[in-house]
Each structure stands twice: as structure tokens, then as C-alpha cells.
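Chemist: Have a peek at structure39.cif (mmCIF, C-alpha atoms and all ligand atoms).
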data_query
loop_
_atom_site.label_atom_id
_atom_site.label_comp_id
_atom_site.auth_asym_id
_atom_site.auth_seq_id
_atom_site.Cartn_x
_atom_site.Cartn_y
_atom_site.Cartn_z
CA MET N 21 95.74 92.26 102.28
CA ILE N 22 96.65 93.81 98.94
CA ILE N 23 96.17 97.53 98.33
CA ALA N 24 93.21 97.06 95.97
CA GLU N 25 91.32 95.27 98.75
CA GLN N 26 92.13 98.05 101.19
CA ILE N 27 90.72 100.57 98.72
CA LEU N 28 87.66 98.35 98.26
CA ASN N 29 87.26 98.50 102.04
CA GLY N 30 87.17 102.30 101.87
CA MET N 31 90.75 103.31 102.58
CA THR N 32 91.69 106.67 101.12
CA ALA N 33 94.99 107.87 99.61
CA GLU N 34 95.71 109.54 102.93
CA ASP N 35 94.92 106.37 104.90
CA LEU N 36 97.31 104.44 102.69
CA GLY N 37 99.98 107.15 102.66
CA MET N 38 100.13 107.29 98.88
CA PRO N 39 99.91 110.17 96.36
CA ILE N 40 96.36 110.85 95.18
CA TYR N 41 97.24 110.19 91.52
CA GLU N 42 98.48 106.73 92.46
CA TRP N 43 95.36 106.04 94.52
CA GLU N 44 93.14 107.18 91.63
CA SER N 45 94.99 104.94 89.19
CA ARG N 46 94.47 101.97 91.52
CA LYS N 47 90.82 102.88 92.12
CA ASN N 48 90.17 103.04 88.36
CA LEU N 49 91.64 99.57 87.94
CA LEU N 50 89.62 98.29 90.90
CA ASP N 51 86.39 99.72 89.47
CA LYS N 52 87.04 97.96 86.16
CA PHE N 53 87.76 94.72 87.98
CA LEU N 54 84.57 94.95 90.04
CA LEU N 55 82.47 95.00 86.86
CA SER N 56 83.46 91.41 86.16
CA TRP N 57 84.24 90.08 89.65
CA ASP N 58 82.28 86.91 90.38
CA GLY N 59 82.63 87.23 94.15
CA GLU N 60 85.30 84.56 94.50
CA GLU N 61 88.26 85.16 96.84
CA PHE N 62 89.26 88.76 96.19
CA GLU N 63 93.05 88.69 96.11
CA THR N 64 93.36 85.64 93.86
CA SER N 65 90.66 86.91 91.50
CA TYR N 66 92.10 90.41 91.36
CA LEU N 67 95.67 89.32 90.67
CA ALA N 68 94.51 86.92 87.95
CA TRP N 69 92.44 89.71 86.39
CA ILE N 70 95.39 92.12 86.54
CA ALA N 71 97.62 89.59 84.80
CA LYS N 72 95.09 89.39 81.95
CA GLN N 73 94.75 93.19 81.68
CA GLU N 74 98.43 93.59 80.91
CA ASP N 75 97.68 92.13 77.51
CA THR N 76 94.18 93.54 76.96
CA THR N 77 92.66 96.63 78.59
CA LEU N 78 95.98 98.29 79.34
CA PRO N 79 97.46 98.21 75.84
CA ARG N 80 100.87 99.70 75.31
CA LYS N 81 102.60 99.56 71.94
CA GLU N 82 105.85 99.01 73.73
CA SER N 83 106.92 99.38 77.31
CA VAL N 84 108.43 102.80 77.85
CA PRO N 85 108.81 104.67 81.13
CA PRO N 86 106.58 107.68 81.95
CA SER N 87 107.66 111.20 80.99
CA ILE N 88 110.57 112.81 82.85
CA SER N 89 108.24 115.29 84.59
CA LYS N 90 106.05 112.47 85.84
CA GLN N 91 109.11 110.55 87.04
CA VAL N 92 110.38 113.63 88.90
CA LYS N 93 106.97 114.02 90.53
CA THR N 94 106.93 110.34 91.53
CA VAL N 95 110.47 110.36 92.92
CA SER N 96 109.84 113.59 94.84
CA ALA N 97 106.68 112.19 96.42
CA ALA N 98 108.49 108.95 97.32
CA ALA N 99 111.42 110.85 98.85
CA ILE N 100 109.06 112.93 100.99
CA GLN N 101 107.19 109.83 102.17
CA PHE N 102 110.48 108.06 102.91
CA ALA N 103 111.71 110.99 105.01
CA ARG N 104 108.36 111.27 106.82
CA SER N 105 108.53 107.56 107.69
CA GLY N 106 111.84 108.16 109.46
CA PHE N 107 113.68 106.43 106.59
CA LYS N 108 112.11 103.07 107.37
CA ARG N 109 112.66 100.17 104.99
CA VAL N 110 110.82 96.90 104.49
CA THR N 111 112.52 93.65 105.56
CA GLN N 112 114.89 91.83 103.23
CA GLU N 113 112.22 89.13 102.78
CA GLU N 114 109.56 91.67 101.78
CA HIS N 115 112.02 93.39 99.42
CA ASP N 116 112.91 90.09 97.76
CA ALA N 117 109.24 89.07 97.48
CA ARG N 118 108.47 92.38 95.75
CA LEU N 119 111.33 91.96 93.31
CA GLU N 120 110.20 88.43 92.58
CA GLN N 121 106.82 89.80 91.46
CA CYS N 122 108.57 92.36 89.27
CA ALA N 123 110.88 89.76 87.76
CA GLY N 124 107.85 87.93 86.36
CA CYS N 125 106.12 91.09 85.15
CA THR N 126 105.97 92.23 81.52
CA GLU N 127 106.51 95.85 82.66
CA PHE N 128 109.92 95.03 84.17
CA LYS N 129 112.79 96.03 81.86
CA LYS N 130 116.45 96.18 82.83
CA GLY N 131 115.69 96.66 86.52
CA ARG N 132 113.06 99.32 85.89
CA CYS N 133 109.28 99.34 86.02
CA MET N 134 107.89 100.82 82.80
CA ARG N 135 104.65 101.79 84.60
CA CYS N 136 106.21 104.12 87.16
CA GLY N 137 109.72 104.51 85.72
CA CYS N 138 111.32 103.55 89.04
CA TYR N 139 114.37 101.38 89.58
CA MET N 140 112.85 98.53 91.51
CA THR N 141 115.85 97.51 93.59
CA LEU N 142 115.42 100.91 95.29
CA LYS N 143 111.64 101.32 95.24
CA ALA N 144 111.08 97.82 96.65
CA TRP N 145 112.76 98.91 99.91
CA LEU N 146 110.20 101.65 100.61
CA PRO N 147 107.25 100.62 102.80
CA GLN N 148 104.93 103.33 101.45
CA GLN N 149 105.52 102.38 97.81
CA HIS N 150 103.43 99.85 95.95
CA CYS N 151 103.08 98.30 92.52
CA LEU N 152 100.77 100.40 90.32
CA LEU N 153 99.19 97.17 89.06
CA GLY N 154 98.50 95.97 92.59
CA LYS N 155 100.93 93.06 92.48
CA TRP N 156 102.56 94.09 95.75
S1 LIG M 1 106.07 97.43 90.18
FE1 LIG M 1 104.36 96.20 89.43
S2 LIG M 1 104.05 96.87 87.29
FE2 LIG M 1 106.08 97.54 87.93
S3 LIG M 1 107.47 95.89 87.29
FE3 LIG M 1 106.92 95.50 89.42
S4 LIG M 1 105.18 94.12 89.32
FE4 LIG M 1 105.38 95.07 87.29
#
For the file at hand, write its structure as C-alpha cells.
Ligand code: SF4

Modeler:
Amino acid sequence: MIIAEQILNGMTAEDLGMPIYEWESRKNLLDKFLLSWDGEEFETSYLAWIAKQEDTTLPRKESVPPSISKQVKTVSAAAIQFARSGFKRVTQEEHDARLEQCAGCTEFKKGRCMRCGCYMTLKAWLPQQHCLLGKW
């Protein structure tokens, strides 16, 4: 089940082990999606909707990473979560599947995600981390 569906089912930032700002960003996207959702299978509909939003409701003149302070905040939160998890990593298969999603994403530039500013070969190993657009 993708994260957006878990939020739809009432899971909180704490339940999902993610920073509140990330949860709020996902919840805002989910709320926008729900306005036009026709009730078809959630995951397929949501991912198709997200793919369209990259060109429409989430306009960006050009893909640039977030500010340095936001990146520091994101990396710090990820490092804390990683340590709290006992330094657990996802499987090689999960890591590769995540990178495959990134490879086909318009926000992916030179190994980095322009949404979160993270280097994806590293972030994709962390079980508590997720795509801000809900792709993984
Ligand atoms: S994490 Fe999500 S938004 Fe960022 S590059 Fe990967 S698929 Fe795209």
C-alpha cells in the first residue's frame, strides 16, 4: 500500500515515522487528488494523477533543489530516523525498485531529487524515507 493510501486510512506522521512537514505535504496532495478521484482503484488512480500534476498543479520554472536550510533539516531528520531504526536498510530489490521510479521522474537530476534535494542512491536505502510525490 502506498503512503497516500495509508494517510487516507488515517495514519498520522507519527504512525508512519515521518517528519510532520513531509506528512503535511503528502496530505495536501492527497486532498487535492480526492477532489477529482472517481473511486477507481486507489493506487493506480493516484499515481496517474501524480504523474499529471508534475506538469500542471505543481509548476516549477525549472527543477532546483530546496534551500540549504531545508536540506539540512531533511537530512538531520533522516539521520535521526535511521539511527532510531537501528540503521536498518531496505532490501536490494526495494532499493532498485525505488531508483527505477526516480529514473523515470522529471524531478530526478544527476542522481538527486529536486523535490527533497536528496541523493537518491543513499535515500532509497532508508526504510523510513519516501518519495514526496508518493511514487514509492
Ligand atoms: S523521490 Fe519521488 S519526486 Fe524525487 S526523484 Fe524520486 S520519484 Fe521523483

Chemist: Suppose you want the space between atom CA of N:Tyr66 and atom CA of N:Pro85; what is it in Å?

Modeler: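 Interatomic distance here is 24.2 Å.
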
Chemist: For N:Ala33, which residue among N:Glu114, N:Cys136, N:Gln148, N:Trp69 is the nearest when counting all atoms listed in the file?

Modeler: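 Among N:Glu114, N:Cys136, N:Gln148, N:Trp69, it is N:Gln148 that comes nearest to N:Ala33.
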
Chemist: List as a PyMOL selection string: which residues have an atom within 12 Å of (107.7, 91.2, 96.5), counting only C-alpha atoms?

Modeler: chain N and resi 22+110-125+140-141+143-147+149-151+154-156

Chemist: I want to know what sits within 10 Å of N:Phe53, based on all atoms listed in the file, with residues of the same chain fewer than 3 positions away left out; could you give that as a ChimeraX atom specification?

Modeler: /N:24,47-50,56-58,65-67,69-70,73

Chemist: Measuring atom to atom with all atoms listed in the file, identify which of N:Ile23, N:Thr64, N:Ala71, N:Gly30 is nearest to N:Arg46.

Modeler: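 Of N:Ile23, N:Thr64, N:Ala71, N:Gly30, the one nearest N:Arg46, counting all atoms listed in the file, is N:Ile23.
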
Chemist: Take every atom of ligand LIG 1 (chain M) listed in the file, pad by 4 Å on each side, and give me the axis-aligned box centre and edge lengths in Å, one decimal, as AutoDock Vina command-line options.

Modeler:
--center_x 105.8 --center_y 95.8 --center_z 88.7 --size_x 11.4 --size_y 11.4 --size_z 10.9

Chemist: Between atom CA of N:Arg132 and atom CA of N:Lys93, what is the distance, to one decimal in Å?

Modeler: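 Calculated distance between atom CA of N:Arg132 and atom CA of N:Lys93 is 16.6 Å.
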
Chemist: Which residue gives the smallest distance to N:Val95 among N:Lys52, N:Cys138, N:Ile27, N:Leu153, with all atoms listed in the file counted?

Modeler: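 Checking each candidate against N:Val95, we get N:Cys138 as the closest.
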
Chemist: One number please: atom S1 of ligand LIG 1 (chain M) to atom CA of N:Gly137, in Å, one decimal.

Modeler: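 According to the coordinates, atom S1 of ligand LIG 1 (chain M) and atom CA of N:Gly137 are separated by 9.1 Å.
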